[in-house]
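*Asks:* Quick one: this structure, given as structure tokens, is what I'll be asking you about.
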Amino acid sequence: MKKCILFDLDNTILDFTANEKHSLPKTFAHYGEVFTEEISEIYHRINGNLWRRYEDKEITMEELLASRFRDTMAALGKTVDGVAWNETYIQFLSEGHFAMPGIEVIPKLADKYRLYIASNGVHSTQENRLKLAGIYDCFEGVFTSGQMGVQKPNPLFFEKILEQVPNCDRSHTLMVGDNLKNDIQAAKAVGLQTCMITAYPGTFEGCDYVIDSLWKLPELLDSIERKD
């Protein structure tokens with residue numbers, strides 16, 4: 001039986017930071033606005049706070065998405081249609097497929113392992129980005145918080161995935177991601193092995209393995225198999 005590997009998407013396989021930097025100015029330009037450093041700071045503060053409120057179940061995803069651009073522009077004294085702005089932004093995001101270093105290993109791993117995406121985000125956006133990157137067919141399934149109604153770091157996110165992946169032994173399933181809380185500790189809570197990709201060396205609670213890029217993953221997997 002092939003080992004199952006779950007991958008976070010943003011800043012693990014595809015570079016969300018670069019995508020965001022590309023998509024936000026295009027969104028504002030679409031509506032005749034200049035995306036300045038001041039607006040960037042306001043947007044990220046508001047967006048970050050909305051995501052925290054969503055994680056604490058204070059607001060719904062629909063409220064989050066409708067509010068972030070509306071509230072950003074309100075802070076600048078302007079009234080906009082937050083839903084329309086968000087839809088435009090999501091469209092630009094869905095077209096962005098900037099790759100993280102080492103993305104080339106994914107097709108090779110797909111020949112040997114069963115690969116799945118485990119990502120917070122809008123399902124159609126994440127699927128489209130994988131297709132544009134040319135690696136969509138490498139994955140046997142794409143699981144997103146938007147699709148399942150629960151998001152990382154809630155361990156239920158991973159439980160729902162395991163319910164839908166056949167013949168998947170959780171003790172021999174590896175979760176690969178870049179976020180300690182969302183990817184590593186949440187996956188560890190349901191008994192998965194965990195691998196964190198980070199440029200910062202150290203020991204991370206709940207993390208079984210640490211590598212600095214996707215390039216190192218095949219070597220790590222070979223090492224794990226030799227121990228098994």
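Each chain of the structure tokens is named A, B, ... in the order shown, its residues numbered from 1; ligands are numbered from 1 in display order.
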Contacts of His172 in chain A at 12 Å or less, counting only C-alpha atoms, minus same-chain residues fewer than 5 places along, as a PyMOL selection string?

*Replies:* chain A and resi 1-6+113-114+167+188+191-194+221+224-225+227-228

*Asks:* Please produce an output containing N, CA, C and O atoms for each residue in the selection, written as a compact mmCIF listing (two decimals), in the first residue's frame.

*Replies:*
# COMPACT_ATOMS: atom_id res chain seq x y z
N MET A 1 0.84 -1.20 0.00
CA MET A 1 0.00 0.00 0.00
C MET A 1 0.87 1.25 0.00
O MET A 1 1.81 1.37 0.79
N LYS A 2 0.61 2.18 -0.90
CA LYS A 2 1.38 3.40 -0.98
C LYS A 2 1.14 4.29 0.25
O LYS A 2 0.02 4.41 0.73
N LYS A 3 2.20 4.91 0.72
CA LYS A 3 2.08 5.87 1.81
C LYS A 3 1.30 7.09 1.35
O LYS A 3 1.45 7.55 0.22
N CYS A 4 0.45 7.64 2.23
CA CYS A 4 -0.29 8.87 1.93
C CYS A 4 0.51 10.08 2.42
O CYS A 4 1.05 10.07 3.53
N ILE A 5 0.54 11.11 1.61
CA ILE A 5 1.18 12.37 2.00
C ILE A 5 0.18 13.50 1.77
O ILE A 5 -0.35 13.66 0.68
N LEU A 6 -0.09 14.26 2.82
CA LEU A 6 -0.95 15.44 2.73
C LEU A 6 -0.06 16.67 2.64
O LEU A 6 0.92 16.79 3.38
N TYR A 113 3.94 7.74 -4.22
CA TYR A 113 3.07 7.95 -3.06
C TYR A 113 1.69 8.44 -3.50
O TYR A 113 1.50 8.89 -4.63
N ARG A 114 0.75 8.36 -2.58
CA ARG A 114 -0.59 8.92 -2.79
C ARG A 114 -0.59 10.32 -2.20
O ARG A 114 -0.47 10.50 -1.00
N ASN A 167 -8.15 3.45 2.80
CA ASN A 167 -6.95 2.68 3.12
C ASN A 167 -5.76 3.57 3.48
O ASN A 167 -4.65 3.40 2.98
N LYS A 188 -0.79 16.60 14.01
CA LYS A 188 -0.26 15.73 15.07
C LYS A 188 -1.36 15.34 16.05
O LYS A 188 -1.35 14.23 16.61
N GLY A 191 -2.91 12.16 15.11
CA GLY A 191 -2.05 11.00 14.98
C GLY A 191 -1.26 10.89 13.70
O GLY A 191 -0.73 9.82 13.38
N LEU A 192 -1.16 11.98 12.92
CA LEU A 192 -0.37 11.95 11.69
C LEU A 192 1.09 12.24 11.99
O LEU A 192 1.43 12.91 12.96
N GLN A 193 1.98 11.73 11.13
CA GLN A 193 3.36 12.17 11.14
C GLN A 193 3.41 13.57 10.53
O GLN A 193 2.56 13.92 9.70
N THR A 194 4.40 14.35 10.92
CA THR A 194 4.43 15.75 10.47
C THR A 194 5.81 16.17 10.01
O THR A 194 6.83 15.76 10.57
N LEU A 221 11.85 11.15 2.81
CA LEU A 221 10.93 10.02 2.68
C LEU A 221 11.69 8.70 2.53
O LEU A 221 11.29 7.66 3.08
N ILE A 224 12.78 7.77 5.98
CA ILE A 224 11.68 7.26 6.78
C ILE A 224 11.36 5.82 6.41
O ILE A 224 11.13 4.97 7.27
N GLU A 225 11.37 5.53 5.11
CA GLU A 225 11.06 4.19 4.64
C GLU A 225 12.11 3.17 5.11
O GLU A 225 11.78 2.03 5.43
N LYS A 227 13.71 3.31 7.87
CA LYS A 227 13.45 3.06 9.29
C LYS A 227 12.22 2.18 9.48
O LYS A 227 12.16 1.36 10.40
N ASP A 228 11.21 2.36 8.60
CA ASP A 228 9.99 1.56 8.69
C ASP A 228 10.27 0.10 8.31
O ASP A 228 9.57 -0.79 8.72

*Asks:* Go through range 21-80 of chain A residue by residue and, counting only C-alpha atoms, keep those with an atom at most 12 Å from range 121-129 of chain A; for each kept residue give the shortest atom pair and its distance in Å to one decimal, ordered by chain and increasing number, as JSON lines.

*Replies:*
{"residue": "A:Trp51", "atom": "CA", "partner": "A:Gly121", "partner_atom": "CA", "distance": 11.4}
{"residue": "A:Met61", "atom": "CA", "partner": "A:Val122", "partner_atom": "CA", "distance": 10.0}
{"residue": "A:Glu62", "atom": "CA", "partner": "A:Val122", "partner_atom": "CA", "distance": 11.2}
{"residue": "A:Leu65", "atom": "CA", "partner": "A:Val122", "partner_atom": "CA", "distance": 10.5}

*Asks:* Restricting the output to N, CA and C atoms, write the selected residues as a tab-separated table (two decimals), in the first residue's frame.

*Replies:*
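The resulting file, part21.tsv, is reproduced below:
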chain	number	residue	atom	x	y	z
A	51	TRP	N	-9.77	37.07	10.09
A	51	TRP	CA	-9.45	35.64	10.12
A	51	TRP	C	-9.41	35.12	11.54
A	61	MET	N	-17.44	32.64	7.21
A	61	MET	CA	-16.54	32.90	6.09
A	61	MET	C	-17.14	33.94	5.15
A	62	GLU	N	-18.46	33.86	4.94
A	62	GLU	CA	-19.12	34.82	4.06
A	62	GLU	C	-18.96	36.25	4.60
A	65	LEU	N	-15.27	37.42	4.00
A	65	LEU	CA	-14.97	37.78	2.62
A	65	LEU	C	-15.67	39.07	2.19

*Asks:* Could you check the closest approach to Thr144 in chain A for each of A:Ser171, A:Thr36, A:Ser119, A:Asn19 and tell me which residue wins, using only C-alpha atoms?

*Replies:*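 Selected residue with least distance to Thr144 in chain A: A:Ser119.
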
*Asks:* Nearest to Asp111 in chain A: which of A:Asn86, A:Lys160, A:Cys138, A:Phe35 is it, counting only C-alpha atoms?

*Replies:*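 When distances to Asp111 in chain A are compared using only C-alpha atoms, the smallest one comes from A:Cys138.
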
*Asks:* From the list A:His30, A:Arg226, A:Lys216, A:His44, which residue is nearest Leu109 in chain A when using only C-alpha atoms?

*Replies:*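 Among the listed residues, A:Lys216 lies closest to Leu109 in chain A.
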